[in-house]
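> Take this structure first; my questions come after.
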Amino acid sequence: MTDLSPEFSLAELCIAAGADIFRDETPEVFATVIGLVPRLAGSLAKTTFLPGLMMSDGEFYFAAEPVPVGKRNGYVPKKEGRIGYERVFDLIPKGNRHAFVGPVQVDKYGQMNLSCIGDYTAPKVTMLGVRGLPGNTVNNRTSMFFGNHSQRAFVEGEVDMVSGAGYNPARYPNGIYPKGLDHRRIVTNLCVLDFEGDNHAIRVRSLHPGVSFDEVQDNTGFELVRPDNIPETAAPTAKQLAIIAKLDPHNLRAAIFKDNPSGRR
């Protein structure tokens, strides 16, 4: 008998799928998890199968156990060490790091945009700027989360501003990719993608329950690699759901997607 809960939200499905991106990591790895889904995913991974995972969440400390999100109501983080920005920048070039981030655009090469929408010289919308994406993408493993899988996010051609490096051969005149360029997964509200197609082409790794490949392709601005057999994204187990509830005691995850839909259509 499998340990599956009959009820889980789309947010909880994405969190569990996000935790899975860390399964191939070394016993001790540094992770930067930006956003609620990546943070809860990293925390779930640390709690269930990767106790040596060290996370930086902007709070300056490494903790012995994941710190619950939201108001702490008396909870005191179990601090084990410091991780100020100067140490982060020392660690990035060493390579043993996985950045799980949430850009606003990605293209077929895995190039990411976090800077602006529209022409760079006269953008329609300006955002955070490139932030740490250049250093992350040429030194470390990188995964992404998109809450709205659409052609506005998965764009035709190139992203409006290349904030993070990808596998576009035109960007590398010598034909050699940066040594540390290593994109792993993309988790969205429709599916899980990876970069395991030919020449790092983006491939559909799994489809969320009730989602078809055609729906994913229709919401993507470039052609996706379609394997012969695409599994369904694994549902979170009852144990995982209990841990997620403990990590998110105020149920902030219910606001990730409008109306907090079920993970099963």
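In the structure tokens, chains take the letters A, B, ... in the order shown, each chain's residues start at 1, and ligands count up from 1 in the order shown.
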Considering only C-alpha atoms, return as a PyMOL selection string whatever protein or nucleic-acid residues lie within 6 Å of Thr137 in chain A, sequence-local ones (same chain, fewer than 3 positions apart) excluded.
chain A and resi 133-134+140+164-165+181
> Find the residues near range 239-254 of chain A: any atom within 6 Å, counting only C-alpha atoms, skip ones fewer than 3 places away on the same chain, and give them as a PyMOL selection string.
chain A and resi 68-69+236+260
> Can you pull out every residue from range 44-257 of chain A that DSSP, working from the backbone, puts in alpha helix (DSSP H), and format the result as a PDB file with C-alpha atoms, in the first residue's frame?

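Written file, out_28.pdb:
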```pdb
ATOM      1  CA  LEU A  44      11.325  19.445   2.729  1.00  0.00           C
ATOM      2  CA  ALA A  45      14.421  17.935   1.098  1.00  0.00           C
ATOM      3  CA  LYS A  46      16.550  18.693   4.171  1.00  0.00           C
ATOM      4  CA  THR A  47      13.948  17.188   6.505  1.00  0.00           C
ATOM      5  CA  THR A  48      13.336  13.987   4.537  1.00  0.00           C
ATOM      6  CA  TYR A  85      26.986  37.824   1.826  1.00  0.00           C
ATOM      7  CA  GLU A  86      30.768  37.873   1.846  1.00  0.00           C
ATOM      8  CA  ARG A  87      30.790  34.121   2.532  1.00  0.00           C
ATOM      9  CA  VAL A  88      28.134  33.514  -0.117  1.00  0.00           C
ATOM     10  CA  PHE A  89      30.327  35.197  -2.719  1.00  0.00           C
ATOM     11  CA  ASP A  90      33.281  33.100  -1.569  1.00  0.00           C
ATOM     12  CA  LEU A  91      31.245  29.912  -1.993  1.00  0.00           C
ATOM     13  CA  LEU A 133      21.792  35.259 -11.842  1.00  0.00           C
ATOM     14  CA  PRO A 134      24.999  35.797 -13.874  1.00  0.00           C
ATOM     15  CA  GLY A 135      27.257  34.374 -11.173  1.00  0.00           C
ATOM     16  CA  ASN A 136      24.804  31.637 -10.259  1.00  0.00           C
ATOM     17  CA  THR A 137      24.369  30.324 -13.770  1.00  0.00           C
ATOM     18  CA  VAL A 138      28.042  30.129 -14.753  1.00  0.00           C
ATOM     19  CA  ASN A 139      29.166  28.568 -11.475  1.00  0.00           C
ATOM     20  CA  PHE A 213       1.432  17.443 -23.146  1.00  0.00           C
ATOM     21  CA  ASP A 214      -0.535  19.474 -25.706  1.00  0.00           C
ATOM     22  CA  GLU A 215      -1.657  21.907 -22.998  1.00  0.00           C
ATOM     23  CA  VAL A 216       1.934  22.400 -21.877  1.00  0.00           C
ATOM     24  CA  GLN A 217       3.114  22.884 -25.461  1.00  0.00           C
ATOM     25  CA  ASP A 218       0.303  25.350 -26.213  1.00  0.00           C
ATOM     26  CA  ALA A 238       1.015  11.843   3.686  1.00  0.00           C
ATOM     27  CA  LYS A 239       4.370  12.145   5.451  1.00  0.00           C
ATOM     28  CA  GLN A 240       5.502  14.921   3.119  1.00  0.00           C
ATOM     29  CA  LEU A 241       2.218  16.786   3.565  1.00  0.00           C
ATOM     30  CA  ALA A 242       2.576  16.652   7.339  1.00  0.00           C
ATOM     31  CA  ILE A 243       6.118  18.043   7.111  1.00  0.00           C
ATOM     32  CA  ILE A 244       5.025  20.804   4.719  1.00  0.00           C
ATOM     33  CA  ALA A 245       2.268  21.791   7.169  1.00  0.00           C
ATOM     34  CA  LYS A 246       4.860  22.015   9.947  1.00  0.00           C
ATOM     35  CA  LEU A 247       7.221  24.069   7.776  1.00  0.00           C
TER      36      LEU A 247
END
```
> Quick one: residues within 7 Å of range 195-205 of chain A, only C-alpha atoms, excluding same-chain residues fewer than 3 positions away - as a PyMOL selection string?
chain A and resi 108-109+167+183-185+192+224-226+230
> May I have the residues from that selection written out with N, CA and C atoms, as an mmCIF file, in the first residue's frame?

```cif
data_model
loop_
_atom_site.group_PDB
_atom_site.id
_atom_site.type_symbol
_atom_site.label_atom_id
_atom_site.label_comp_id
_atom_site.auth_asym_id
_atom_site.auth_seq_id
_atom_site.Cartn_x
_atom_site.Cartn_y
_atom_site.Cartn_z
ATOM 1 N N LYS A 108 14.174 28.869 -24.826
ATOM 2 C CA LYS A 108 14.470 27.470 -25.135
ATOM 3 C C LYS A 108 15.902 27.078 -24.793
ATOM 4 N N TYR A 109 16.750 28.067 -24.581
ATOM 5 C CA TYR A 109 18.137 27.802 -24.214
ATOM 6 C C TYR A 109 18.339 27.768 -22.699
ATOM 7 N N TYR A 167 22.134 27.890 -22.635
ATOM 8 C CA TYR A 167 22.868 27.069 -23.590
ATOM 9 C C TYR A 167 22.760 27.594 -25.030
ATOM 10 N N HIS A 183 22.061 23.615 -15.762
ATOM 11 C CA HIS A 183 20.643 23.779 -15.445
ATOM 12 C C HIS A 183 20.027 22.399 -15.199
ATOM 13 N N ARG A 184 19.169 22.307 -14.177
ATOM 14 C CA ARG A 184 18.622 21.010 -13.778
ATOM 15 C C ARG A 184 17.128 20.865 -14.068
ATOM 16 N N ARG A 185 16.274 21.598 -13.378
ATOM 17 C CA ARG A 185 14.831 21.397 -13.505
ATOM 18 C C ARG A 185 14.089 22.735 -13.563
ATOM 19 N N VAL A 192 6.779 19.354 -14.791
ATOM 20 C CA VAL A 192 8.191 19.480 -14.445
ATOM 21 C C VAL A 192 8.983 19.300 -15.738
ATOM 22 N N LEU A 224 8.966 21.940 -27.289
ATOM 23 C CA LEU A 224 9.481 21.131 -26.192
ATOM 24 C C LEU A 224 9.805 19.726 -26.683
ATOM 25 N N VAL A 225 10.773 19.094 -26.035
ATOM 26 C CA VAL A 225 11.073 17.699 -26.321
ATOM 27 C C VAL A 225 10.016 16.837 -25.643
ATOM 28 N N ARG A 226 9.423 15.929 -26.425
ATOM 29 C CA ARG A 226 8.368 15.060 -25.913
ATOM 30 C C ARG A 226 8.870 13.622 -25.857
ATOM 31 N N ILE A 230 5.646 9.842 -20.791
ATOM 32 C CA ILE A 230 5.796 10.925 -19.815
ATOM 33 C C ILE A 230 5.044 10.527 -18.538
#
```
> Might you pull out every residue within 8 Å of Phe22 in chain A, with only C-alpha atoms counted and same-chain residues fewer than 3 positions away left off, and present them as a PyMOL selection string?
chain A and resi 18-19+25+42+45+50
> Could you list, as a compact mmCIF listing (two decimals) with N, CA and C atoms, in the first residue's frame, every residue within 9 Å of Thr220 in chain A, counting only C-alpha atoms and ignoring same-chain residues fewer than 4 positions away?

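Result file follows (result.txt):
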```txt
# COMPACT_ATOMS: atom_id res chain seq x y z
N HIS A 149 2.66 28.97 -16.05
CA HIS A 149 3.29 28.47 -17.28
C HIS A 149 2.51 29.02 -18.47
N SER A 150 3.11 29.97 -19.17
CA SER A 150 2.45 30.62 -20.31
C SER A 150 3.50 31.05 -21.31
N GLN A 151 3.04 31.46 -22.50
CA GLN A 151 3.97 31.92 -23.51
C GLN A 151 4.61 33.26 -23.15
N ARG A 152 4.05 33.95 -22.19
CA ARG A 152 4.68 35.19 -21.71
C ARG A 152 5.88 34.87 -20.82
N ALA A 153 5.88 33.70 -20.21
CA ALA A 153 6.99 33.29 -19.35
C ALA A 153 7.98 32.41 -20.11
N PHE A 154 7.47 31.49 -20.92
CA PHE A 154 8.30 30.59 -21.73
C PHE A 154 8.27 31.14 -23.16
N VAL A 155 9.22 32.03 -23.44
CA VAL A 155 9.09 32.91 -24.59
C VAL A 155 9.72 32.36 -25.86
N GLU A 156 9.16 32.79 -26.99
CA GLU A 156 9.73 32.49 -28.29
C GLU A 156 11.01 33.31 -28.46
N GLU A 215 -1.40 20.69 -23.77
CA GLU A 215 -1.66 21.91 -23.00
C GLU A 215 -0.35 22.60 -22.63
N VAL A 216 0.63 21.82 -22.21
CA VAL A 216 1.93 22.40 -21.88
C VAL A 216 2.56 23.05 -23.10
N LEU A 224 8.97 21.94 -27.29
CA LEU A 224 9.48 21.13 -26.19
C LEU A 224 9.80 19.73 -26.68
```
> To test your reading of the structure, identify every residue in range 153-258 of chain A that backbone DSSP assigns to strand (DSSP E or B), and report it as number ranges by chain.
A: 154, 164, 182-188, 191-194, 203-207, 225, 232, 237
> Determine, counting only C-alpha atoms, which protein, DNA and RNA residues have an atom within 10 Å of an atom of Met161 in chain A; residues of the same chain fewer than 3 positions away are not included. Present the result as a list in words.
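So the residues in contact are Gln105, Val106, Gln111, Met112, Asn113, Leu114, Ser115, Cys116, Ile117, Gly118, Asp119, Tyr120, Pro123, Gly129, Val130, Glu158 and Gly164 of chain A.
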> Take the residues just selected and output them with C-alpha atoms as a PDB file, in the first residue's frame.

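Listing of out19.pdb after writing:
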```pdb
ATOM      1  CA  GLN A 105      11.022  34.640 -18.370  1.00  0.00           C
ATOM      2  CA  VAL A 106      12.975  31.700 -19.747  1.00  0.00           C
ATOM      3  CA  GLN A 111      18.441  31.826 -20.511  1.00  0.00           C
ATOM      4  CA  MET A 112      16.584  33.649 -17.726  1.00  0.00           C
ATOM      5  CA  ASN A 113      15.262  37.182 -17.358  1.00  0.00           C
ATOM      6  CA  LEU A 114      14.735  38.978 -14.062  1.00  0.00           C
ATOM      7  CA  SER A 115      15.437  42.506 -15.267  1.00  0.00           C
ATOM      8  CA  CYS A 116      12.797  44.001 -17.557  1.00  0.00           C
ATOM      9  CA  ILE A 117       9.970  43.257 -19.983  1.00  0.00           C
ATOM     10  CA  GLY A 118      10.225  44.756 -23.458  1.00  0.00           C
ATOM     11  CA  ASP A 119      13.066  46.526 -25.199  1.00  0.00           C
ATOM     12  CA  TYR A 120      15.930  47.112 -22.766  1.00  0.00           C
ATOM     13  CA  PRO A 123      11.133  48.656 -21.233  1.00  0.00           C
ATOM     14  CA  GLY A 129      17.784  43.739 -12.379  1.00  0.00           C
ATOM     15  CA  VAL A 130      20.018  40.749 -13.011  1.00  0.00           C
ATOM     16  CA  GLU A 158      15.364  34.933 -26.586  1.00  0.00           C
ATOM     17  CA  GLY A 164      21.138  34.410 -16.410  1.00  0.00           C
TER      18      GLY A 164
END
```
> Which of these, A:Gly74, A:Pro38, A:Pro178, A:Pro93, has the shortest distance to Ser143 in chain A once you count only C-alpha atoms?
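Selected residue with least distance to Ser143 in chain A: A:Pro38.
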> I'd like the contact shell of Asn96 in chain A - 9 Å cut-off, only C-alpha atoms, skipping same-chain residues fewer than 6 positions apart - returned as a ChimeraX atom specification.
/A:26,28-31,139-141
> What gap, in Å, lies between CA of Asn168 in chain A and CA of Gly132 in chain A?
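Atom-to-atom, CA of Asn168 in chain A to CA of Gly132 in chain A, that is 19.4 Å.
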